[in-house]
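Chemist: Take a look at the following structure, please.
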Amino acid sequence: MFQAAAISNPNYNLTGQDFIVVGGGGYIGAHVCKRLAERGGRPIVFDNFEAGHEHAVKWGPFETMDLRDRGQTRAAFQKYPNVKTVIHLASSIEVGEGERAPEEFYENNVSGAFNLLMAMRATGADRLIFSSTCATYGETQNMPLLESEIQNPFSVYGKTKLAIEHMIQSYHKAYGLNYVTFRYFNASGADEGGEIGEEHDPETHLIPNALKAAAGLGKGLKLFGTDYDTADGTCVRDYIHVSDIAEAHIQAIRAMDGGLTQAELNLGTGEGYSVLQIINAIEKVTGLPVPYEVGPRRDGDLTQLYANSAKARKILDFTPENSTLENIIETAWNFHRCKWGV
């Protein structure tokens, strides 16, 4: 059975506070909104729903808007002049697509974030929690990764996120923007009640695609490369439950309320699993085989990435409590099985 998501500092209350959540209709955004509402806060979702879903917006109002439109972004922020804290989760994320269409990634991710920062400054919102990525580190053998690791991103996706990190740091220095930047490792799993989960279209992430293959839907899983320098030749990643990511955002708000003005923090578990290990774990949890075929590497994919999370533990008192591999797979399977009717 999947376990209910544990909540750190459960008495921390956000009653009466509004939060703008950009990308709140997306996978991580919806879980963040649910956790904000559970603590008494009101999430106000800004989303263009190109990747997010209106049906995932359940805990507050939403504005259909696009960060690439500077005037529209400014107008949306002006509707909520009392909001001080913005959570920015909206971006193009598919690594291979970024290599094929970099212009789209730079426009959506970098230009969109610049428009958001200008709108925040114009309306007095002075606290930002930004979803960055471990892909900003690039190819390195220094595992587990510390935040002090040199950032040399390999993919267009990672390069756009690093550019945004630099903009945020500049706004902090010049204009006093307070911020927490989270470098996510692999967000995974689903809401423990099966209410929300991963719904990308197209879906490029390993766990939902492997579950789909196990359920006998589609053509089976495509495994991209078995010639990496790892124990079994497949990529190694650090998988953290999306409910733990949501809780980290609450702890970031708590820390900023307590005076934190800036931080770059890894969000991971510190343990890496290969693609083949994930497949084996899915077969064990579901009792079903995962058919797959081997293909070439994808452009932009790195050999291994897993976190040293000591800094988040020290600064935020945050430790992932729901991120066992079994729980990640069970909650994801529960959500997708209901969605697919299998």
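Labels for the structure tokens follow display order: chains A, B, ..., residues from 1 in each chain, ligands from 1.
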At a cut-off of 12 Å, can you tabulate as CSV every residue of range 61-167 of chain A near range 227-244 of chain A together with its closest atom pair and the distance in Å to one decimal, using only C-alpha atoms and ordering rows by chain then number?

Modeler:
```
residue,atom,partner,partner_atom,distance
A:Thr133,CA,A:Asp238,CA,11.9
A:Cys134,CA,A:Asp238,CA,9.8
A:Ala135,CA,A:Arg237,CA,11.0
A:Glu139,CA,A:Asp229,CA,11.8
A:Thr140,CA,A:Asp229,CA,11.7
A:Gln141,CA,A:Asp229,CA,10.2
A:Met143,CA,A:Asp238,CA,11.0
A:Pro144,CA,A:Asp238,CA,9.7
A:Leu145,CA,A:Asp238,CA,10.6
```

Chemist: Output as a ChimeraX atom specification all residues of range 145-264 of chain A that backbone DSSP marks as strand (DSSP E).

Modeler: /A:178-184,186-188,221-224,236-241,262-264

Chemist: Which residues in range 158-195 of chain A does DSSP call helix (DSSP H, G or I)? List them as number ranges by chain.

Modeler: A: 158-175

Chemist: For Asn152 in chain A, work out the shell of residues within 8 Å, counting only C-alpha atoms and skipping chain neighbours fewer than 5 positions away, then give it as a list in words.

Modeler: Thr136, Tyr137, Gly138 and Glu139 of chain A

Chemist: Can you measure CA of Gly29 in chain A to CA of Met120 in chain A for me? One decimal in Å is fine.

Modeler: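 Separation between CA of Gly29 in chain A and CA of Met120 in chain A: 18.9 Å.
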
Chemist: Residues within 8 Å of Lys34 in chain A, please, as JSON, numbers by chain. Count only C-alpha atoms; anything in the same chain fewer than 3 positions from it doesn't count.

Modeler: {"A": [30, 31, 37, 38, 58, 59]}

Chemist: I'd like the interatomic distance between CA of Arg337 in chain A and CA of Ala215 in chain A, to a tenth of an Å.

Modeler: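 Separating CA of Arg337 in chain A from CA of Ala215 in chain A is a distance of 8.1 Å.
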
Chemist: What separation in Å, quoted to one decimal, exists between CA of Asn322 in chain A and CA of Ile196 in chain A?

Modeler: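 We find that CA of Asn322 in chain A and CA of Ile196 in chain A lie 15.9 Å from each other.
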
Chemist: My list of candidates is A:Val156, A:Leu305, A:Val290, A:Ala76. Which is closest to Arg100 in chain A when distances are computed with only C-alpha atoms?

Modeler: A:Val156

Chemist: Taking only C-alpha atoms into account, name the residue in A:Val83, A:Leu128, A:Ala248, A:Leu14 that is nearest to Gly41 in chain A.

Modeler: A:Leu14

Chemist: For Met118 in chain A, which residue out of A:Ile168, A:Ile150, A:Val285, A:Leu206 is the nearest one, using only C-alpha atoms?

Modeler: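 For Met118 in chain A, the nearest of the candidates is A:Ile168.
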
Chemist: Between A:Asn266, A:Ser148, A:Gln304, A:Thr331, which one has atoms that come closest to Phe182 in chain A, using only C-alpha atoms?

Modeler: A:Asn266

Chemist: Check the smallest atom-to-atom distance from each of A:Tyr12, A:Tyr80, A:Tyr27, A:Phe19 to Val57 in chain A using only C-alpha atoms, then report the winner.

Modeler: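 Smallest separation from Val57 in chain A among the options: A:Tyr27.
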
Chemist: Near Lys159 in chain A, within 12 Å and counting only C-alpha atoms, which residues show up once chain neighbours fewer than 2 positions away are dropped, as a PyMOL selection string?

Modeler: chain A and resi 93+95+98-99+102+105-106+109-110+132-138+151-157+161-166+300

Chemist: Could you turn the residues from that selection into a file that holds N, CA and C atoms, as an mmCIF file, in the first residue's frame?

Modeler:
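Output file again.cif follows:
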```
data_model
loop_
_atom_site.group_PDB
_atom_site.id
_atom_site.type_symbol
_atom_site.label_atom_id
_atom_site.label_comp_id
_atom_site.auth_asym_id
_atom_site.auth_seq_id
_atom_site.Cartn_x
_atom_site.Cartn_y
_atom_site.Cartn_z
ATOM 1 N N ILE A 93 10.361 21.821 -20.627
ATOM 2 C CA ILE A 93 11.232 20.929 -19.859
ATOM 3 C C ILE A 93 11.791 19.751 -20.637
ATOM 4 N N VAL A 95 13.992 17.644 -22.628
ATOM 5 C CA VAL A 95 15.390 17.878 -22.989
ATOM 6 C C VAL A 95 15.620 17.734 -24.487
ATOM 7 N N GLY A 98 14.346 20.607 -26.491
ATOM 8 C CA GLY A 98 15.192 21.783 -26.363
ATOM 9 C C GLY A 98 16.364 21.756 -27.316
ATOM 10 N N GLU A 99 16.916 20.564 -27.570
ATOM 11 C CA GLU A 99 18.018 20.452 -28.520
ATOM 12 C C GLU A 99 17.532 20.693 -29.952
ATOM 13 N N PRO A 102 15.828 25.161 -29.815
ATOM 14 C CA PRO A 102 16.333 26.016 -28.725
ATOM 15 C C PRO A 102 15.659 27.373 -28.667
ATOM 16 N N PHE A 105 12.734 27.306 -26.425
ATOM 17 C CA PHE A 105 13.096 27.161 -25.018
ATOM 18 C C PHE A 105 13.590 28.476 -24.433
ATOM 19 N N TYR A 106 14.433 29.182 -25.173
ATOM 20 C CA TYR A 106 14.939 30.450 -24.649
ATOM 21 C C TYR A 106 13.821 31.487 -24.534
ATOM 22 N N ASN A 109 11.335 30.029 -21.546
ATOM 23 C CA ASN A 109 11.944 29.940 -20.225
ATOM 24 C C ASN A 109 12.617 31.240 -19.798
ATOM 25 N N VAL A 110 13.521 31.749 -20.622
ATOM 26 C CA VAL A 110 14.324 32.907 -20.218
ATOM 27 C C VAL A 110 13.539 34.210 -20.368
ATOM 28 N N SER A 132 14.393 25.409 -10.488
ATOM 29 C CA SER A 132 15.491 25.168 -11.411
ATOM 30 C C SER A 132 15.687 23.657 -11.527
ATOM 31 N N THR A 133 16.869 23.222 -11.864
ATOM 32 C CA THR A 133 17.079 21.817 -12.173
ATOM 33 C C THR A 133 18.518 21.397 -11.933
ATOM 34 N N CYS A 134 18.693 20.127 -11.627
ATOM 35 C CA CYS A 134 20.041 19.570 -11.515
ATOM 36 C C CYS A 134 20.757 19.563 -12.861
ATOM 37 N N ALA A 135 20.007 19.754 -13.961
ATOM 38 C CA ALA A 135 20.635 19.795 -15.284
ATOM 39 C C ALA A 135 21.543 21.002 -15.453
ATOM 40 N N THR A 136 21.494 21.967 -14.532
ATOM 41 C CA THR A 136 22.412 23.107 -14.623
ATOM 42 C C THR A 136 23.850 22.693 -14.313
ATOM 43 N N TYR A 137 24.042 21.545 -13.672
ATOM 44 C CA TYR A 137 25.397 21.126 -13.324
ATOM 45 C C TYR A 137 26.155 20.561 -14.522
ATOM 46 N N GLY A 138 25.476 19.872 -15.412
ATOM 47 C CA GLY A 138 26.136 19.271 -16.555
ATOM 48 C C GLY A 138 26.791 17.945 -16.217
ATOM 49 N N GLN A 151 28.690 24.886 -12.397
ATOM 50 C CA GLN A 151 27.538 24.680 -13.274
ATOM 51 C C GLN A 151 27.962 24.867 -14.723
ATOM 52 N N ASN A 152 27.894 23.792 -15.469
ATOM 53 C CA ASN A 152 28.276 23.796 -16.882
ATOM 54 C C ASN A 152 27.271 22.936 -17.640
ATOM 55 N N PRO A 153 26.046 23.441 -17.822
ATOM 56 C CA PRO A 153 24.976 22.607 -18.364
ATOM 57 C C PRO A 153 25.274 22.101 -19.773
ATOM 58 N N PHE A 154 24.846 20.870 -20.004
ATOM 59 C CA PHE A 154 25.074 20.187 -21.272
ATOM 60 C C PHE A 154 23.923 20.414 -22.240
ATOM 61 N N SER A 155 22.721 20.581 -21.716
ATOM 62 C CA SER A 155 21.518 20.686 -22.538
ATOM 63 C C SER A 155 21.036 22.126 -22.628
ATOM 64 N N VAL A 156 20.269 22.412 -23.674
ATOM 65 C CA VAL A 156 19.619 23.718 -23.806
ATOM 66 C C VAL A 156 18.714 23.962 -22.609
ATOM 67 N N TYR A 157 17.984 22.938 -22.193
ATOM 68 C CA TYR A 157 17.116 23.058 -21.017
ATOM 69 C C TYR A 157 17.917 23.547 -19.812
ATOM 70 N N LYS A 161 17.746 27.297 -17.685
ATOM 71 C CA LYS A 161 17.511 27.389 -16.239
ATOM 72 C C LYS A 161 18.662 28.121 -15.540
ATOM 73 N N LEU A 162 19.884 27.879 -15.973
ATOM 74 C CA LEU A 162 21.022 28.572 -15.373
ATOM 75 C C LEU A 162 20.958 30.061 -15.674
ATOM 76 N N ALA A 163 20.533 30.422 -16.879
ATOM 77 C CA ALA A 163 20.388 31.846 -17.211
ATOM 78 C C ALA A 163 19.383 32.520 -16.278
ATOM 79 N N ILE A 164 18.304 31.807 -15.959
ATOM 80 C CA ILE A 164 17.301 32.367 -15.042
ATOM 81 C C ILE A 164 17.882 32.488 -13.638
ATOM 82 N N GLU A 165 18.629 31.480 -13.201
ATOM 83 C CA GLU A 165 19.278 31.588 -11.887
ATOM 84 C C GLU A 165 20.132 32.854 -11.818
ATOM 85 N N HIS A 166 20.882 33.133 -12.871
ATOM 86 C CA HIS A 166 21.736 34.317 -12.874
ATOM 87 C C HIS A 166 20.911 35.604 -12.830
ATOM 88 N N GLY A 300 21.406 15.482 -25.084
ATOM 89 C CA GLY A 300 21.196 16.243 -23.855
ATOM 90 C C GLY A 300 21.155 15.419 -22.595
#
```

Chemist: Neighbouring residues of Phe318 in chain A were defined as those with any atom within 10 Å, considering only C-alpha atoms; residues of the same chain fewer than 5 positions away were excluded. Please report them as a list in words.

Modeler: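 The contact residues come out as Ser8, Asn9, Asp244, Ile245, Glu247, Ala248, His249, Ile250, Gln251, Ala252, Leu267, Ser309, Ala310, Lys311, Ala312 and Arg313 of chain A.
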
Chemist: Can you tell me which residues surround Glu326 in chain A at a distance of at most 8 Å, considering only C-alpha atoms, apart from same-chain residues fewer than 3 positions away, and format the answer as a count of residues only?

Modeler: 4

Chemist: Between A:Lys219, A:His336, A:Arg68, A:His205, which is the closest to Ser111 in chain A once you count only C-alpha atoms?

Modeler: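 Of the candidates, the smallest distance to Ser111 in chain A is held by A:Arg68.
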